[in-house]
$ cat my_file_16.txt   # compact mmCIF, C-alpha atoms
# COMPACT_ATOMS: atom_id res chain seq x y z
CA MET F 173 -4.64 -33.95 4.40
CA ALA F 174 -5.55 -37.05 2.36
CA GLU F 175 -3.28 -36.15 -0.53
CA VAL F 176 0.21 -37.48 -0.79
CA ILE F 177 2.94 -34.87 -1.08
CA ALA F 178 4.08 -34.95 -4.66
CA PRO F 179 7.76 -35.43 -5.44
CA ALA F 180 9.47 -32.12 -6.07
CA THR F 181 10.48 -33.07 -9.58
CA ARG F 182 7.12 -34.22 -10.93
CA ALA F 183 5.89 -32.23 -13.89
CA PRO F 184 3.55 -30.92 -15.04
CA ARG F 185 1.65 -30.06 -11.88
CA GLU F 186 -2.10 -30.24 -11.82
CA PRO F 187 -4.15 -27.20 -10.73
CA ARG F 188 -4.09 -26.87 -6.94
CA ASN F 189 -5.00 -24.26 -4.30
CA GLY F 190 -7.12 -22.50 -6.93
CA VAL F 191 -3.97 -21.97 -8.99
CA ASN F 192 -3.98 -23.11 -12.61
CA THR F 193 -0.46 -24.44 -12.28
CA PRO F 194 0.02 -25.50 -15.93
CA THR F 195 -1.05 -22.03 -17.10
CA LEU F 196 1.28 -20.44 -14.52
CA PHE F 197 4.23 -22.46 -15.81
CA ALA F 198 3.26 -21.71 -19.43
CA THR F 199 3.13 -17.99 -18.61
CA ILE F 200 6.57 -18.06 -17.00
CA ASN F 201 7.95 -19.92 -20.02
CA ALA F 202 6.36 -17.42 -22.42
CA VAL F 203 8.01 -14.53 -20.55
CA LYS F 204 11.35 -16.36 -20.60
CA GLU F 205 11.06 -16.60 -24.38
CA MET F 206 10.07 -12.95 -24.80
CA PRO F 207 11.21 -10.78 -21.85
CA ALA F 208 9.43 -7.70 -23.26
CA LEU F 209 6.19 -9.32 -22.05
CA ALA F 210 7.41 -8.78 -18.48
CA GLN F 211 7.19 -4.98 -18.70
CA PHE F 212 4.12 -3.85 -16.74
CA LYS F 213 2.75 -0.46 -15.70
CA PHE F 214 0.16 -0.23 -12.95
CA ARG F 215 -1.87 2.96 -12.48
CA VAL F 216 -4.12 4.65 -9.98
CA SER F 217 -6.10 7.90 -10.32
CA ASN F 218 -6.99 9.80 -7.16
CA GLN F 219 -9.41 12.67 -6.48
CA TRP F 220 -9.48 14.78 -3.37
CA ARG F 221 -12.93 14.93 -1.77
CA SER F 222 -12.66 17.07 1.37
CA GLY F 223 -10.28 17.47 4.28
CA THR F 224 -8.03 14.40 4.35
CA HIS F 225 -10.50 12.27 2.37
CA SER F 226 -9.75 11.21 -1.19
CA GLU F 227 -10.83 8.42 -3.50
CA SER F 228 -8.79 6.32 -5.93
CA ARG F 229 -9.88 4.47 -9.04
CA ILE F 230 -8.01 1.43 -10.33
CA GLU F 231 -9.10 0.44 -13.83
CA SER F 232 -6.38 -0.47 -16.29
CA PHE F 233 -2.78 -1.48 -16.58
CA SER F 234 -0.37 -2.34 -19.35
CA GLY F 235 1.73 -5.46 -19.63
CA ALA F 236 2.32 -8.65 -21.58
CA GLY F 237 2.50 -6.48 -24.68
CA GLY F 238 -0.90 -4.80 -24.35
CA GLU F 239 -3.46 -2.83 -22.38
CA HIS F 240 -5.70 -4.59 -19.87
CA TYR F 241 -8.79 -3.64 -17.90
CA HIS F 242 -9.63 -5.14 -14.55
CA GLN F 243 -12.89 -7.11 -14.72
CA SER F 244 -14.46 -4.28 -12.75
CA GLU F 245 -13.27 -0.84 -11.74
CA PHE F 246 -12.06 -0.74 -8.15
CA ARG F 247 -12.61 2.34 -5.97
CA TYR F 248 -11.04 2.93 -2.58
CA GLY F 249 -11.33 5.82 -0.19
CA ALA F 250 -8.70 6.89 2.31
CA ASP F 251 -8.96 9.36 5.16
CA HIS F 252 -7.54 10.19 8.56
CA PRO F 253 -9.41 8.94 11.63
CA ALA F 254 -11.13 11.30 14.06
CA VAL F 255 -8.21 11.21 16.50
CA LEU F 256 -6.11 12.63 13.66
CA VAL F 257 -8.73 15.25 12.78
CA GLY F 258 -10.19 13.36 9.81
CA GLN F 259 -13.66 11.96 9.16
CA ASP F 260 -12.61 8.28 9.03
CA ARG F 261 -14.27 7.77 5.63
CA GLY F 262 -11.60 5.17 4.84
CA PRO F 263 -8.47 3.68 6.37
CA THR F 264 -5.40 5.85 6.57
CA PRO F 265 -3.20 5.77 3.46
CA ILE F 266 -0.42 4.05 5.37
CA GLU F 267 -2.70 1.14 6.35
CA PHE F 268 -3.02 0.25 2.67
CA LEU F 269 0.71 -0.51 2.61
CA LEU F 270 0.09 -3.24 5.19
CA HIS F 271 -2.72 -4.70 3.09
CA GLY F 272 -0.42 -4.65 0.07
CA LEU F 273 2.33 -6.45 1.97
CA ALA F 274 0.11 -9.19 3.42
CA SER F 275 -1.75 -9.82 0.17
CA CYS F 276 1.43 -9.88 -1.94
CA ILE F 277 3.24 -12.48 0.14
CA THR F 278 -0.01 -14.46 0.48
CA ALA F 279 -0.57 -14.52 -3.30
CA GLY F 280 2.95 -15.83 -3.73
CA ILE F 281 2.34 -18.51 -1.12
CA GLY F 282 -0.68 -19.74 -3.10
CA ASN F 283 1.33 -19.95 -6.32
CA ILE F 284 4.49 -21.43 -4.84
CA ALA F 285 2.63 -24.06 -2.82
CA ALA F 286 0.79 -25.14 -5.98
CA ALA F 287 4.05 -25.26 -7.94
CA ARG F 288 5.59 -27.43 -5.22
CA GLY F 289 2.62 -29.75 -5.04
CA VAL F 290 1.49 -28.62 -1.59
CA THR F 291 -2.22 -28.27 -0.88
CA LEU F 292 -2.87 -25.41 1.54
CA THR F 293 -5.58 -25.44 4.18
CA SER F 294 -5.23 -21.89 5.44
CA VAL F 295 -2.94 -18.89 5.36
CA GLU F 296 -3.53 -16.04 7.78
CA SER F 297 -1.38 -13.05 8.55
CA HIS F 298 -1.33 -10.12 10.91
CA VAL F 299 0.67 -7.04 10.03
CA GLU F 300 1.51 -4.17 12.32
CA GLY F 301 3.35 -0.96 11.51
CA GLU F 302 4.81 1.31 14.18
CA ILE F 303 4.90 5.02 13.49
CA ASP F 304 5.85 8.04 15.58
CA LEU F 305 3.69 10.90 14.34
CA GLN F 306 6.12 13.53 15.59
CA GLY F 307 7.69 13.22 12.15
CA LEU F 308 4.75 13.85 9.88
CA LEU F 309 3.21 16.41 12.24
CA GLY F 310 6.37 18.47 11.82
CA ILE F 311 7.17 18.38 15.56
CA SER F 312 10.51 16.62 15.18
CA ASP F 313 13.09 16.72 12.41
CA THR F 314 14.85 13.61 13.69
CA VAL F 315 11.80 11.32 13.68
CA ARG F 316 11.04 9.88 10.24
CA ASN F 317 7.63 10.48 8.65
CA GLY F 318 6.78 6.86 7.94
CA TYR F 319 6.77 3.54 9.73
CA GLU F 320 9.81 2.79 11.85
CA ARG F 321 9.18 -0.93 11.66
CA ILE F 322 6.66 -3.37 10.19
CA ARG F 323 6.04 -6.82 11.63
CA ILE F 324 4.12 -9.52 9.80
CA SER F 325 3.21 -12.86 11.30
CA PHE F 326 1.97 -15.74 9.14
CA THR F 327 0.11 -18.83 10.25
CA ILE F 328 0.07 -21.42 7.49
CA ALA F 329 -1.42 -24.91 7.32
CA GLY F 330 -1.25 -27.52 4.58
CA ASP F 331 -0.29 -31.08 3.68
CA ALA F 332 3.44 -30.62 4.10
CA PRO F 333 5.86 -30.73 7.02
CA PRO F 334 6.36 -27.46 8.93
CA GLU F 335 9.78 -26.96 7.38
CA LYS F 336 8.40 -27.16 3.84
CA LEU F 337 5.59 -24.73 4.71
CA ARG F 338 8.17 -22.31 6.11
CA GLU F 339 10.21 -22.60 2.91
CA ILE F 340 7.15 -21.68 0.86
CA VAL F 341 6.64 -18.50 2.91
CA GLU F 342 10.34 -17.69 2.64
CA GLN F 343 10.37 -18.19 -1.13
CA SER F 344 7.31 -15.94 -1.45
CA ARG F 345 9.02 -13.25 0.64
CA ALA F 346 12.15 -13.57 -1.48
CA ARG F 347 10.11 -12.86 -4.65
CA SER F 348 7.54 -10.41 -3.28
CA ALA F 349 7.18 -7.15 -5.20
CA VAL F 350 5.68 -5.31 -2.22
CA PHE F 351 8.25 -6.65 0.26
CA ASP F 352 11.00 -5.45 -2.08
CA VAL F 353 9.52 -1.96 -2.44
CA LEU F 354 8.84 -1.56 1.29
CA THR F 355 12.24 -2.80 2.44
CA ASN F 356 14.44 -1.36 -0.31
CA GLY F 357 12.55 1.72 -1.41
CA VAL F 358 11.90 2.94 -4.94
CA PRO F 359 12.53 6.26 -6.72
CA VAL F 360 9.36 8.39 -6.81
CA ASP F 361 9.10 11.33 -9.22
CA ILE F 362 6.50 14.01 -8.53
CA THR F 363 5.26 16.59 -11.00
CA VAL F 364 2.79 19.35 -10.16
CA ASN F 365 0.43 21.19 -12.49
CA THR F 366 -1.65 24.11 -11.27
CA ARG F 367 -5.01 25.29 -12.54
CA ALA F 368 -6.64 28.64 -11.95
CA MET T 178 6.51 32.87 0.96
CA ALA T 179 7.28 29.55 2.55
CA GLU T 180 4.89 29.15 5.43
CA VAL T 181 4.96 26.13 7.67
CA ILE T 182 2.40 24.66 10.01
CA ALA T 183 3.50 26.54 13.12
CA PRO T 184 0.47 26.83 15.35
CA ALA T 185 2.33 28.38 18.25
CA THR T 186 3.40 31.35 16.18
CA ARG T 187 0.33 31.99 14.03
CA ALA T 188 -3.14 33.27 14.61
CA PRO T 189 -5.72 30.48 14.63
CA ARG T 190 -7.08 29.64 11.20
CA GLU T 191 -10.75 29.01 10.63
CA PRO T 192 -11.93 25.61 9.33
CA ARG T 193 -11.32 25.34 5.59
CA ASN T 194 -11.26 22.62 2.89
CA GLY T 195 -13.22 20.37 5.24
CA VAL T 196 -10.33 20.57 7.73
CA ASN T 197 -11.10 21.60 11.29
CA THR T 198 -7.98 23.72 11.42
CA PRO T 199 -8.26 24.82 15.08
CA THR T 200 -8.62 21.17 16.14
CA LEU T 201 -5.67 20.23 13.92
CA PHE T 202 -3.50 22.88 15.59
CA ALA T 203 -4.74 21.84 19.05
CA THR T 204 -3.85 18.23 18.26
CA ILE T 205 -0.34 19.17 17.14
CA ASN T 206 0.13 21.23 20.30
CA ALA T 207 -1.12 18.39 22.49
CA VAL T 208 1.41 16.02 20.89
CA LYS T 209 4.17 18.60 21.37
CA GLU T 210 3.32 18.69 25.07
CA MET T 211 3.20 14.91 25.41
CA PRO T 212 5.21 13.13 22.67
CA ALA T 213 4.06 9.69 23.88
CA LEU T 214 0.72 10.52 22.23
CA ALA T 215 2.50 10.34 18.86
CA GLN T 216 3.19 6.59 19.09
CA PHE T 217 0.76 4.79 16.77
CA LYS T 218 0.41 1.20 15.61
CA PHE T 219 -1.65 0.38 12.53
CA ARG T 220 -2.78 -3.18 11.85
CA VAL T 221 -4.19 -5.33 9.10
CA SER T 222 -5.35 -8.97 9.23
CA ASN T 223 -5.33 -10.97 6.02
CA GLN T 224 -6.87 -14.32 5.08
CA TRP T 225 -6.01 -16.35 2.00
CA ARG T 226 -9.09 -17.30 -0.03
CA SER T 227 -7.89 -19.26 -3.07
CA GLY T 228 -5.12 -19.03 -5.63
CA THR T 229 -3.69 -15.51 -5.46
CA HIS T 230 -6.84 -14.07 -3.86
CA SER T 231 -6.85 -12.91 -0.25
CA GLU T 232 -8.87 -10.49 1.84
CA SER T 233 -7.74 -8.01 4.49
CA ARG T 234 -9.64 -6.52 7.41
CA ILE T 235 -8.76 -3.15 8.87
CA GLU T 236 -10.52 -2.51 12.17
CA SER T 237 -8.46 -1.03 14.96
CA PHE T 238 -5.27 0.83 15.71
CA SER T 239 -3.53 2.20 18.77
CA GLY T 240 -2.32 5.74 19.29
CA ALA T 241 -2.81 8.95 21.25
CA GLY T 242 -2.51 6.83 24.38
CA GLY T 243 -5.31 4.36 23.62
CA GLU T 244 -7.04 1.88 21.35
CA HIS T 245 -9.28 3.09 18.55
CA TYR T 246 -11.74 1.46 16.19
CA HIS T 247 -12.46 2.75 12.75
CA GLN T 248 -16.09 3.86 12.41
CA SER T 249 -16.65 0.76 10.32
CA GLU T 250 -14.54 -2.26 9.52
CA PHE T 251 -12.88 -1.99 6.14
CA ARG T 252 -12.36 -5.08 3.95
CA TYR T 253 -10.27 -5.22 0.82
CA GLY T 254 -9.53 -8.05 -1.55
CA ALA T 255 -6.42 -8.41 -3.65
CA ASP T 256 -5.68 -10.81 -6.47
CA HIS T 257 -3.67 -11.22 -9.62
CA PRO T 258 -5.35 -10.42 -12.96
CA ALA T 259 -6.12 -13.09 -15.55
CA VAL T 260 -3.00 -12.26 -17.58
CA LEU T 261 -1.01 -13.18 -14.47
CA VAL T 262 -3.02 -16.36 -13.89
CA GLY T 263 -5.27 -14.91 -11.17
CA GLN T 264 -9.04 -14.43 -11.01
CA ASP T 265 -8.94 -10.59 -10.80
CA ARG T 266 -11.11 -10.56 -7.67
CA GLY T 267 -9.28 -7.41 -6.57
CA PRO T 268 -6.43 -5.19 -7.70
CA THR T 269 -2.91 -6.54 -7.44
CA PRO T 270 -1.24 -5.98 -4.07
CA ILE T 271 1.28 -3.60 -5.60
CA GLU T 272 -1.48 -1.32 -6.94
CA PHE T 273 -2.50 -0.60 -3.34
CA LEU T 274 0.89 1.05 -2.80
CA LEU T 275 -0.01 3.58 -5.50
CA HIS T 276 -3.36 4.29 -3.82
CA GLY T 277 -1.54 4.75 -0.50
CA LEU T 278 0.92 7.19 -2.05
CA ALA T 279 -1.68 9.34 -3.83
CA SER T 280 -4.06 9.46 -0.87
CA CYS T 281 -1.30 10.24 1.65
CA ILE T 282 0.09 13.23 -0.21
CA THR T 283 -3.45 14.39 -1.02
CA ALA T 284 -4.50 14.23 2.66
CA GLY T 285 -1.50 16.37 3.54
CA ILE T 286 -2.38 18.85 0.82
CA GLY T 287 -5.84 19.29 2.36
CA ASN T 288 -4.38 19.92 5.82
CA ILE T 289 -1.50 22.14 4.76
CA ALA T 290 -3.67 24.28 2.45
CA ALA T 291 -6.12 24.84 5.33
CA ALA T 292 -3.27 25.71 7.69
CA ARG T 293 -1.94 28.25 5.18
CA GLY T 294 -5.35 29.80 4.55
CA VAL T 295 -5.70 28.47 1.00
CA THR T 296 -9.09 27.24 -0.20
CA LEU T 297 -8.71 24.37 -2.62
CA THR T 298 -10.97 23.77 -5.60
CA SER T 299 -9.61 20.42 -6.75
CA VAL T 300 -6.69 18.05 -6.31
CA GLU T 301 -6.24 15.18 -8.74
CA SER T 302 -3.35 12.82 -9.16
CA HIS T 303 -2.29 10.02 -11.45
CA VAL T 304 0.27 7.50 -10.27
CA GLU T 305 2.08 4.96 -12.38
CA GLY T 306 4.52 2.28 -11.29
CA GLU T 307 6.83 0.47 -13.68
CA ILE T 308 7.71 -3.12 -12.93
CA ASP T 309 9.63 -5.79 -14.82
CA LEU T 310 8.08 -9.10 -13.84
CA GLN T 311 11.22 -11.06 -14.70
CA GLY T 312 12.19 -10.43 -11.09
CA LEU T 313 9.20 -11.78 -9.22
CA LEU T 314 8.66 -14.59 -11.73
CA GLY T 315 12.14 -15.85 -10.87
CA ILE T 316 13.38 -15.51 -14.46
CA SER T 317 16.13 -13.00 -13.66
CA ASP T 318 18.26 -12.53 -10.58
CA THR T 319 19.37 -9.05 -11.65
CA VAL T 320 15.89 -7.57 -12.09
CA ARG T 321 14.36 -6.42 -8.78
CA ASN T 322 11.01 -7.84 -7.67
CA GLY T 323 9.24 -4.54 -7.13
CA TYR T 324 8.65 -1.29 -8.98
CA GLU T 325 11.68 0.18 -10.68
CA ARG T 326 10.15 3.65 -10.64
CA ILE T 327 6.95 5.39 -9.57
CA ARG T 328 5.70 8.61 -11.14
CA ILE T 329 2.95 10.73 -9.63
CA SER T 330 1.47 13.78 -11.27
CA PHE T 331 -0.71 16.24 -9.34
CA THR T 332 -3.09 18.82 -10.75
CA ILE T 333 -4.12 21.28 -8.06
CA ALA T 334 -6.43 24.31 -8.15
CA GLY T 335 -7.27 26.85 -5.44
CA ASP T 336 -7.33 30.51 -4.49
CA ALA T 337 -3.56 30.96 -4.39
CA PRO T 338 -0.88 31.70 -6.97
CA PRO T 339 0.65 28.68 -8.75
CA GLU T 340 3.86 29.00 -6.75
CA LYS T 341 2.00 28.79 -3.43
CA LEU T 342 0.01 25.77 -4.62
CA ARG T 343 3.26 24.06 -5.63
CA GLU T 344 4.73 24.76 -2.20
CA ILE T 345 1.74 23.10 -0.56
CA VAL T 346 2.29 19.94 -2.60
CA GLU T 347 6.01 20.04 -1.83
CA GLN T 348 5.41 20.48 1.91
CA SER T 349 2.98 17.55 1.86
CA ARG T 350 5.53 15.38 0.06
CA ALA T 351 8.18 16.41 2.58
CA ARG T 352 5.97 15.18 5.45
CA SER T 353 4.27 12.21 3.80
CA ALA T 354 4.46 8.92 5.69
CA VAL T 355 3.86 6.83 2.58
CA PHE T 356 6.34 8.80 0.44
CA ASP T 357 8.95 8.25 3.16
CA VAL T 358 8.33 4.51 3.36
CA LEU T 359 8.27 4.02 -0.41
CA THR T 360 11.40 6.07 -1.12
CA ASN T 361 13.49 5.14 1.92
CA GLY T 362 12.24 1.68 2.82
CA VAL T 363 11.46 0.28 6.25
CA PRO T 364 12.62 -2.82 8.13
CA VAL T 365 10.08 -5.65 7.83
CA ASP T 366 10.21 -8.61 10.25
CA ILE T 367 8.47 -11.83 9.27
CA THR T 368 7.56 -14.67 11.59
CA VAL T 369 5.98 -17.92 10.47
CA ASN T 370 3.84 -20.31 12.50
CA THR T 371 2.69 -23.60 11.07
CA ARG T 372 -0.41 -25.60 11.88
CA ALA T 373 -1.10 -29.22 11.14

$ encode --input "my_file_16.txt" --output "structure tokens"
Amino acid sequence: MAEVIAPATRAPREPRNGVNTPTLFATINAVKEMPALAQFKFRVSNQWRSGTHSESRIESFSGAGGEHYHQSEFRYGADHPAVLVGQDRGPTPIEFLLHGLASCITAGIGNIAAARGVTLTSVESHVEGEIDLQGLLGISDTVRNGYERIRISFTIAGDAPPEKLREIVEQSRARSAVFDVLTNGVPVDITVNTRA
Amino acid sequence: MAEVIAPATRAPREPRNGVNTPTLFATINAVKEMPALAQFKFRVSNQWRSGTHSESRIESFSGAGGEHYHQSEFRYGADHPAVLVGQDRGPTPIEFLLHGLASCITAGIGNIAAARGVTLTSVESHVEGEIDLQGLLGISDTVRNGYERIRISFTIAGDAPPEKLREIVEQSRARSAVFDVLTNGVPVDITVNTRA
């Protein structure tokens, strides 16, 4: 709390909140100059293990004109819990959407606060999704399969007035990739190959 | 050819594919008898670490008339990669949506195949999401923030003709919670609390 809130127009910003703000601005400017750099493809490979348990690998993606590998390969299991006749070897698939939502808006908060010269102390969030399983269990044709509603509550602290902290969260929401996909939907194409 | 999960009208199936099919049918019947059991709430708590890095905990959920804890607490990081000015301490938030999609449809495939008496040998999938970062970087107001399209490709093998295997994937898609949320969207409410 010792730092003075920087004027909104000061540039360039120094690194803050663990964000290399000059590099962030340089990246945005580079993409402005050459929009083809903005085309990204993210990928996940999944293998069924047993029952409702499967495992995904996340290794590489393309973007900024090339192929990239994550520093390490990430592996995540997913399963149904015992009450839903699974073995609970991982969270349910639909819980990962909540993690995606919270972490996406939170990442944006880190960047936007740095860009606005605000030093953050903490950002916590709790997400809850309500689902009526009569849909996916095939018991009802009028109940949807997925969440009926998601609620996310942020608690944010930093060296700015409450109103400015709220604006940072709102700006992150307004530019969140996961919030957009979850609230607006996205076309999903499925293809199926069979093997003997 | 088109079978459905209809426990009331079919002879009990034996366990198969790691699915306790009799318990699955009993669970569906119990929910039919008492629809309140179908109301579930899934939850994730997230804490910002630094920059674009945050960590989520997944511990408990409510449903089937009570509170439940996962057998172990699950923790997942998320971050932006170096090319997007992050530290790559986890996948990007939006990659977790792809994991959720693949694992949700795959879990359904395991259950539906067991219910239809099909023994699976393997189920693999590859998911790819296309995103134009001009949206979330704030460079364009006409480009959306999230994925423009997701493609998922399944390769499935088991002791059934190709057409029956395809029907299992299609039935899983038709009842997938994550597919529903991603393609149709869901209302998301955000609240913000500030701390000094």

$ atom_distance --input "my_file_16.txt" --atom1 "CA of Arg261 (chain F)" --atom2 "CA of Phe326 (chain F)"
28.8 Å

$ closest_residue --input "my_file_16.txt" --among "T:Ile308, T:Ala351, T:Ile333, T:Ala290" --to "Glu191 (chain T)" --atoms "all atoms listed in the file"
T:Ala290

$ residues_around --input "my_file_16.txt" --residues "Val300 (chain T)" --least-positions-apart "4" --cutoff "8 Å" --atoms "only C-alpha atoms" --output "list in words"
Gln219 and Trp220 of chain F; Thr283, Phe331, Thr332, Ile333 and Ala334 of chain T

$ closest_residue --input "my_file_16.txt" --among "T:Leu274, T:Ala292, T:Met211, T:Ala241" --to "Pro199 (chain T)" --atoms "only C-alpha atoms"
T:Ala292

$ residues_around --input "my_file_16.txt" --residues "Leu309 (chain F)" --least-positions-apart "3" --cutoff "10 Å" --atoms "all atoms listed in the file" --output "list in words"
Asp304, Leu305, Gln306, Ser312, Asp313 and Asn317 of chain F; Ile182, Leu201, Phe202, Thr204, Ile205, Asn206, Val208, Lys209, Ala215, Gly285, Arg352 and Ser353 of chain T

$ residues_around --input "my_file_16.txt" --residues "Leu270 (chain F)" --least-positions-apart "5" --cutoff "9 Å" --atoms "all atoms listed in the file" --output "PDB file with C-alpha atoms, in the coordinates of the input"
ATOM      1  CA  SER F 275      -1.750  -9.820   0.170  1.00  0.00           C
ATOM      2  CA  VAL F 299       0.670  -7.040  10.030  1.00  0.00           C
ATOM      3  CA  GLU F 300       1.510  -4.170  12.320  1.00  0.00           C
ATOM      4  CA  GLY F 301       3.350  -0.960  11.510  1.00  0.00           C
ATOM      5  CA  ILE F 322       6.660  -3.370  10.190  1.00  0.00           C
ATOM      6  CA  ILE F 324       4.120  -9.520   9.800  1.00  0.00           C
TER       7      ILE F 324
ATOM      8  CA  PHE T 219      -1.650   0.380  12.530  1.00  0.00           C
ATOM      9  CA  ARG T 220      -2.780  -3.180  11.850  1.00  0.00           C
ATOM     10  CA  VAL T 221      -4.190  -5.330   9.100  1.00  0.00           C
ATOM     11  CA  SER T 222      -5.350  -8.970   9.230  1.00  0.00           C
TER      12      SER T 222
END

$ residues_around --input "my_file_16.txt" --residues "Gly190 (chain F)" --least-positions-apart "6" --cutoff "9 Å" --atoms "only C-alpha atoms" --output "PDB file with C-alpha atoms, keeping the file's coordinate frame"
ATOM      1  CA  GLY F 282      -0.680 -19.740  -3.100  1.00  0.00           C
ATOM      2  CA  ASN F 283       1.330 -19.950  -6.320  1.00  0.00           C
ATOM      3  CA  ALA F 286       0.790 -25.140  -5.980  1.00  0.00           C
TER       4      ALA F 286
ATOM      5  CA  ARG T 226      -9.090 -17.300  -0.030  1.00  0.00           C
ATOM      6  CA  SER T 227      -7.890 -19.260  -3.070  1.00  0.00           C
ATOM      7  CA  GLY T 228      -5.120 -19.030  -5.630  1.00  0.00           C
ATOM      8  CA  THR T 229      -3.690 -15.510  -5.460  1.00  0.00           C
ATOM      9  CA  HIS T 230      -6.840 -14.070  -3.860  1.00  0.00           C
ATOM     10  CA  GLY T 263      -5.270 -14.910 -11.170  1.00  0.00           C
TER      11      GLY T 263
END

$ closest_residue --input "my_file_16.txt" --among "F:Asp331, F:Glu339, F:Gly310, F:Gly318" --to "chain T" --atoms "only C-alpha atoms"
F:Gly318

$ closest_residue --input "my_file_16.txt" --among "T:Ile289, T:Ala203, T:Ala284, T:Leu214" --to "chain F" --atoms "only C-alpha atoms"
T:Ala284

$ closest_residue --input "my_file_16.txt" --among "F:Gln211, F:Ser344, F:Thr193, F:Thr293" --to "chain T" --atoms "all atoms listed in the file"
F:Gln211

$ axis_aligned_box --input "my_file_16.txt" --around "region 316-334 of chain T" --padding-each-side "3 Å" --output "lines of an AutoDock Vina configuration file"
center_x = 6.5
center_y = 4.4
center_z = -10.8
size_x = 31.8
size_y = 45.8
size_z = 13.3

$ closest_residue --input "my_file_16.txt" --among "F:Ala254, F:Ala274, F:Ala202, F:Ala208" --to "Ser234 (chain F)" --atoms "all atoms listed in the file"
F:Ala208

$ atom_distance --input "my_file_16.txt" --atom1 "CA of Asp357 (chain T)" --atom2 "CA of His276 (chain T)"
14.7 Å

$ atom_distance --input "my_file_16.txt" --atom1 "CA of Glu236 (chain T)" --atom2 "CA of Arg323 (chain F)"
17.1 Å

$ residues_around --input "my_file_16.txt" --residues "Tyr246 (chain T)" --least-positions-apart "2" --cutoff "8 Å" --atoms "all atoms listed in the file" --output "list in words"
Glu236, Ser237, Phe238, Glu244, Gln248 and Ser249 of chain T

$ write_last_selection --input "my_file_16.txt" --atoms "C-alpha atoms" --output "PDB file, in the frame of the given file"
ATOM      1  CA  GLU T 236     -10.520  -2.510  12.170  1.00  0.00           C
ATOM      2  CA  SER T 237      -8.460  -1.030  14.960  1.00  0.00           C
ATOM      3  CA  PHE T 238      -5.270   0.830  15.710  1.00  0.00           C
ATOM      4  CA  GLU T 244      -7.040   1.880  21.350  1.00  0.00           C
ATOM      5  CA  GLN T 248     -16.090   3.860  12.410  1.00  0.00           C
ATOM      6  CA  SER T 249     -16.650   0.760  10.320  1.00  0.00           C
TER       7      SER T 249
END
